[in-house]
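Shown next, in structure tokens, is the structure this report addresses.
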Amino acid sequence: MGLEYSLWPRVKKAGGINSGYGRIEELINKRIVKFMNLLATQLNMKSFNKSSTAEEVTEGLDLSGQTILVTGCNSGLGLEKMRVLAMRGARVLGTARTAEKAANACNSIEGNTVPLVCDLSEPNSVKELIESVNESLHAIIANAGVMALQERTIKHGIESHFLVNHVGHFMLVNGLLDRLTTNGRIVVLASAAHAFARGNNVNFDDTTWNRPYKPWSAYGYSKLANILFTKELAKRLPEGQTSNSLHPGIIYTPLWRHIPEPEADKMKAAYGFKTIEQGAATGVFLATHPSVENVSGEYFSNCKIGSPSALAQDDNLAKHLWEVTEKLVARF
């Protein structure tokens, strides 16, 4: 902060904050604040690691009075996130593709939960959910998704991974921004699998995947879109609101239902899997922990800021994706 004090007398002498020196001062102070926030975040997160659970990263937090929406609440990470958030006192709006799945999930845990229907592959379902939410939201956790569909599937003129994992959540989040509190948080479940998207696989204008189809490439492509979406959204949100993405780790959940058993067995043997309780930690952390209240536009892993691929850090690609997605959503 010494730089701030050394500049201030010159700012005053030059005519105040509206002068050229004032604009320099303002820019420097913003960069200092961002740096200090990131530094504080990393220091505060030292105790959290890949073994931390959602309960551990929210220990001591009282979320009473907060309302948080979680998509894909009916199983796996979504169910665990909803359980822990409700346990800490939050009112949780849990969405699933059917009313039955949402109700069963909400009834299976203790706390204040509200079952809602949202099929992210159906724009009308997303619109209906947006219209049904008439309360302020402190956080939106875009958790639902599909993974490694074995055959290319097109719906509404869009490849299914891209439709469900990205377009559906893009539509939902933007439709609910006017209900986000002044310090509200957007949290989007991405994946380290975004690195599978590279070379000719990255063409956001090709919405039907008119190229050789590989399940993991298509999935990684949608996860790259998740990161770029939160990156661009962070620039568009007013000060106070935040947008971040995350890699939860490798966790065996119902998301694996499309993967052939022999392939799944090989992956289980090759990689260190997290438990569902551990996999839910980073998403819940980003939605609730005080240490990240001013951190935005970042990609997290194990409750720490990570380094995504070069494509995931491309500002021009993020802007192009936003424009392409806006056009897709306008059709609906």
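Note on naming: chains are A, B, ... as they come in the structure tokens, residues start from 1 per chain, ligands start from 1 in the order shown.
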
Filtered DSSP result for segment 67-131 of chain A, state strand (DSSP E or B), as a PyMOL selection string
chain A and resi 67-71+91-96+113-117

Using DSSP on the backbone coordinates, identify the residues of segment 140-292 of chain A assigned to helix (DSSP H, G or I); present them as a ChimeraX atom specification.
/A:160-179,192-196,199-201,215-236,254-258,261-270,276-279,281-288,290-292

Expected file contents, prior selection, C-alpha atoms, as a tab-separated table (two decimals), in the first residue's frame:
chain	number	residue	atom	x	y	z
A	160	SER	CA	-26.14	-32.26	-26.33
A	161	HIS	CA	-23.03	-31.70	-24.20
A	162	PHE	CA	-22.88	-28.09	-25.33
A	163	LEU	CA	-26.64	-27.64	-24.92
A	164	VAL	CA	-26.97	-29.05	-21.41
A	165	ASN	CA	-23.64	-28.13	-19.85
A	166	HIS	CA	-23.27	-24.67	-21.35
A	167	VAL	CA	-26.28	-23.21	-23.22
A	168	GLY	CA	-28.86	-24.31	-20.64
A	169	HIS	CA	-26.86	-22.82	-17.78
A	170	PHE	CA	-26.04	-19.68	-19.77
A	171	MET	CA	-29.76	-19.15	-20.29
A	172	LEU	CA	-30.62	-19.93	-16.66
A	173	VAL	CA	-27.93	-17.75	-15.04
A	174	ASN	CA	-28.55	-14.75	-17.26
A	175	GLY	CA	-32.29	-15.09	-16.72
A	176	LEU	CA	-31.82	-14.95	-12.94
A	177	LEU	CA	-29.23	-12.16	-12.71
A	178	ASP	CA	-31.87	-9.61	-11.77
A	179	ARG	CA	-32.61	-11.75	-8.70
A	192	ALA	CA	-9.97	-30.39	-15.94
A	193	ALA	CA	-11.35	-32.27	-18.95
A	194	HIS	CA	-11.65	-28.85	-20.62
A	195	ALA	CA	-8.07	-29.54	-21.75
A	196	PHE	CA	-9.46	-32.20	-24.14
A	199	GLY	CA	-7.18	-27.63	-32.19
A	200	ASN	CA	-10.03	-28.26	-34.63
A	201	ASN	CA	-12.37	-29.23	-31.78
A	215	PRO	CA	-17.27	-38.44	-26.48
A	216	TRP	CA	-14.48	-36.99	-24.33
A	217	SER	CA	-13.68	-34.25	-26.83
A	218	ALA	CA	-17.32	-33.15	-26.89
A	219	TYR	CA	-17.48	-33.19	-23.10
A	220	GLY	CA	-14.22	-31.27	-22.77
A	221	TYR	CA	-15.47	-28.72	-25.30
A	222	SER	CA	-18.52	-28.00	-23.13
A	223	LYS	CA	-16.34	-27.71	-20.03
A	224	LEU	CA	-14.09	-25.21	-21.82
A	225	ALA	CA	-17.26	-23.26	-22.56
A	226	ASN	CA	-18.13	-23.32	-18.84
A	227	ILE	CA	-14.83	-21.66	-17.92
A	228	LEU	CA	-15.00	-19.09	-20.71
A	229	PHE	CA	-18.59	-18.25	-19.75
A	230	THR	CA	-17.69	-17.45	-16.15
A	231	LYS	CA	-14.65	-15.50	-17.32
A	232	GLU	CA	-16.71	-13.26	-19.61
A	233	LEU	CA	-19.58	-13.00	-17.12
A	234	ALA	CA	-17.19	-11.73	-14.46
A	235	LYS	CA	-16.45	-8.74	-16.69
A	236	ARG	CA	-20.13	-7.97	-17.15
A	254	PRO	CA	-24.29	-41.14	-11.79
A	255	LEU	CA	-22.64	-38.77	-14.29
A	256	TRP	CA	-20.63	-41.83	-15.36
A	257	ARG	CA	-23.72	-43.71	-16.51
A	258	HIS	CA	-22.92	-43.26	-20.22
A	261	GLU	CA	-18.00	-50.35	-17.76
A	262	PRO	CA	-14.58	-51.60	-19.03
A	263	GLU	CA	-13.51	-48.00	-19.75
A	264	ALA	CA	-14.80	-46.82	-16.38
A	265	ASP	CA	-12.92	-49.61	-14.58
A	266	LYS	CA	-9.65	-48.63	-16.30
A	267	MET	CA	-10.10	-45.02	-15.28
A	268	LYS	CA	-10.85	-45.95	-11.69
A	269	ALA	CA	-7.62	-47.95	-11.56
A	270	ALA	CA	-5.54	-45.22	-13.22
A	276	ILE	CA	-18.62	-37.34	-3.26
A	277	GLU	CA	-18.13	-35.42	0.00
A	278	GLN	CA	-14.71	-34.25	-1.20
A	279	GLY	CA	-15.91	-33.53	-4.74
A	281	ALA	CA	-16.16	-29.09	-1.44
A	282	THR	CA	-14.88	-26.55	-3.96
A	283	GLY	CA	-18.34	-25.68	-5.32
A	284	VAL	CA	-19.77	-25.09	-1.85
A	285	PHE	CA	-16.63	-23.18	-0.87
A	286	LEU	CA	-16.99	-20.78	-3.80
A	287	ALA	CA	-20.67	-20.21	-3.06
A	288	THR	CA	-20.24	-19.43	0.64
A	290	PRO	CA	-15.87	-15.27	3.06
A	291	SER	CA	-12.31	-15.56	1.71
A	292	VAL	CA	-13.55	-15.55	-1.91

Name the residues in contact with Leu180 of chain A at a cut-off of 6 Å, using only C-alpha atoms, excluding same-chain residues fewer than 3 positions from it; report them as a compact mmCIF listing (two decimals) with C-alpha atoms, in the first residue's frame.
# COMPACT_ATOMS: atom_id res chain seq x y z
CA SER A 136 -33.44 -12.98 -4.04
CA LEU A 137 -30.59 -15.42 -4.64
CA LEU A 177 -29.23 -12.16 -12.71
CA GLY A 184 -24.30 -12.70 -5.10

Pairwise distance, atom CA of Glu55 of chain A with atom CA of Lys101 of chain A, equals 23.7 Å

Please indicate the distance in Å from atom CA of Thr253 of chain A to atom CA of Glu100 of chain A, rounded to one decimal place.
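Atom-to-atom, atom CA of Thr253 of chain A and atom CA of Glu100 of chain A are spaced 19.5 Å apart.
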
Taking only C-alpha atoms into account, name the residue in A:Asn294, A:Ser64, A:Thr242, A:Thr153 that is nearest to Thr208 of chain A.
A:Thr153

Neighbours of segment 82-84 of chain A within 12 Å (only C-alpha atoms; same-chain residues fewer than 3 positions away dropped), as a ChimeraX atom specification?
/A:53-59,61-63,67-79,87-95,102,105-115,140-141,143,276-278,280-281,283-285,287-288

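As for atom CA of Arg331 of chain A and atom CA of His156 of chain A, they are spaced 9.6 Å apart.
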
Using only C-alpha atoms, the residue out of A:Asn316, A:Gln150, A:Gln241, A:Ser309 with shortest distance to Gly297 of chain A is A:Gln241

So, counting only C-alpha atoms, which residue among A:Val329, A:Leu116, A:Leu311, A:Leu85 is closest to Arg97 of chain A?
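Going through A:Val329, A:Leu116, A:Leu311, A:Leu85 one by one, the smallest distance to Arg97 of chain A is for A:Leu116.
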
Using only C-alpha atoms, can you tell me which of A:Phe48, A:Trp322, A:Ile251, A:Arg198 comes closest to Ala310 of chain A?
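With only C-alpha atoms as the atom set, the closest residue is A:Arg198.
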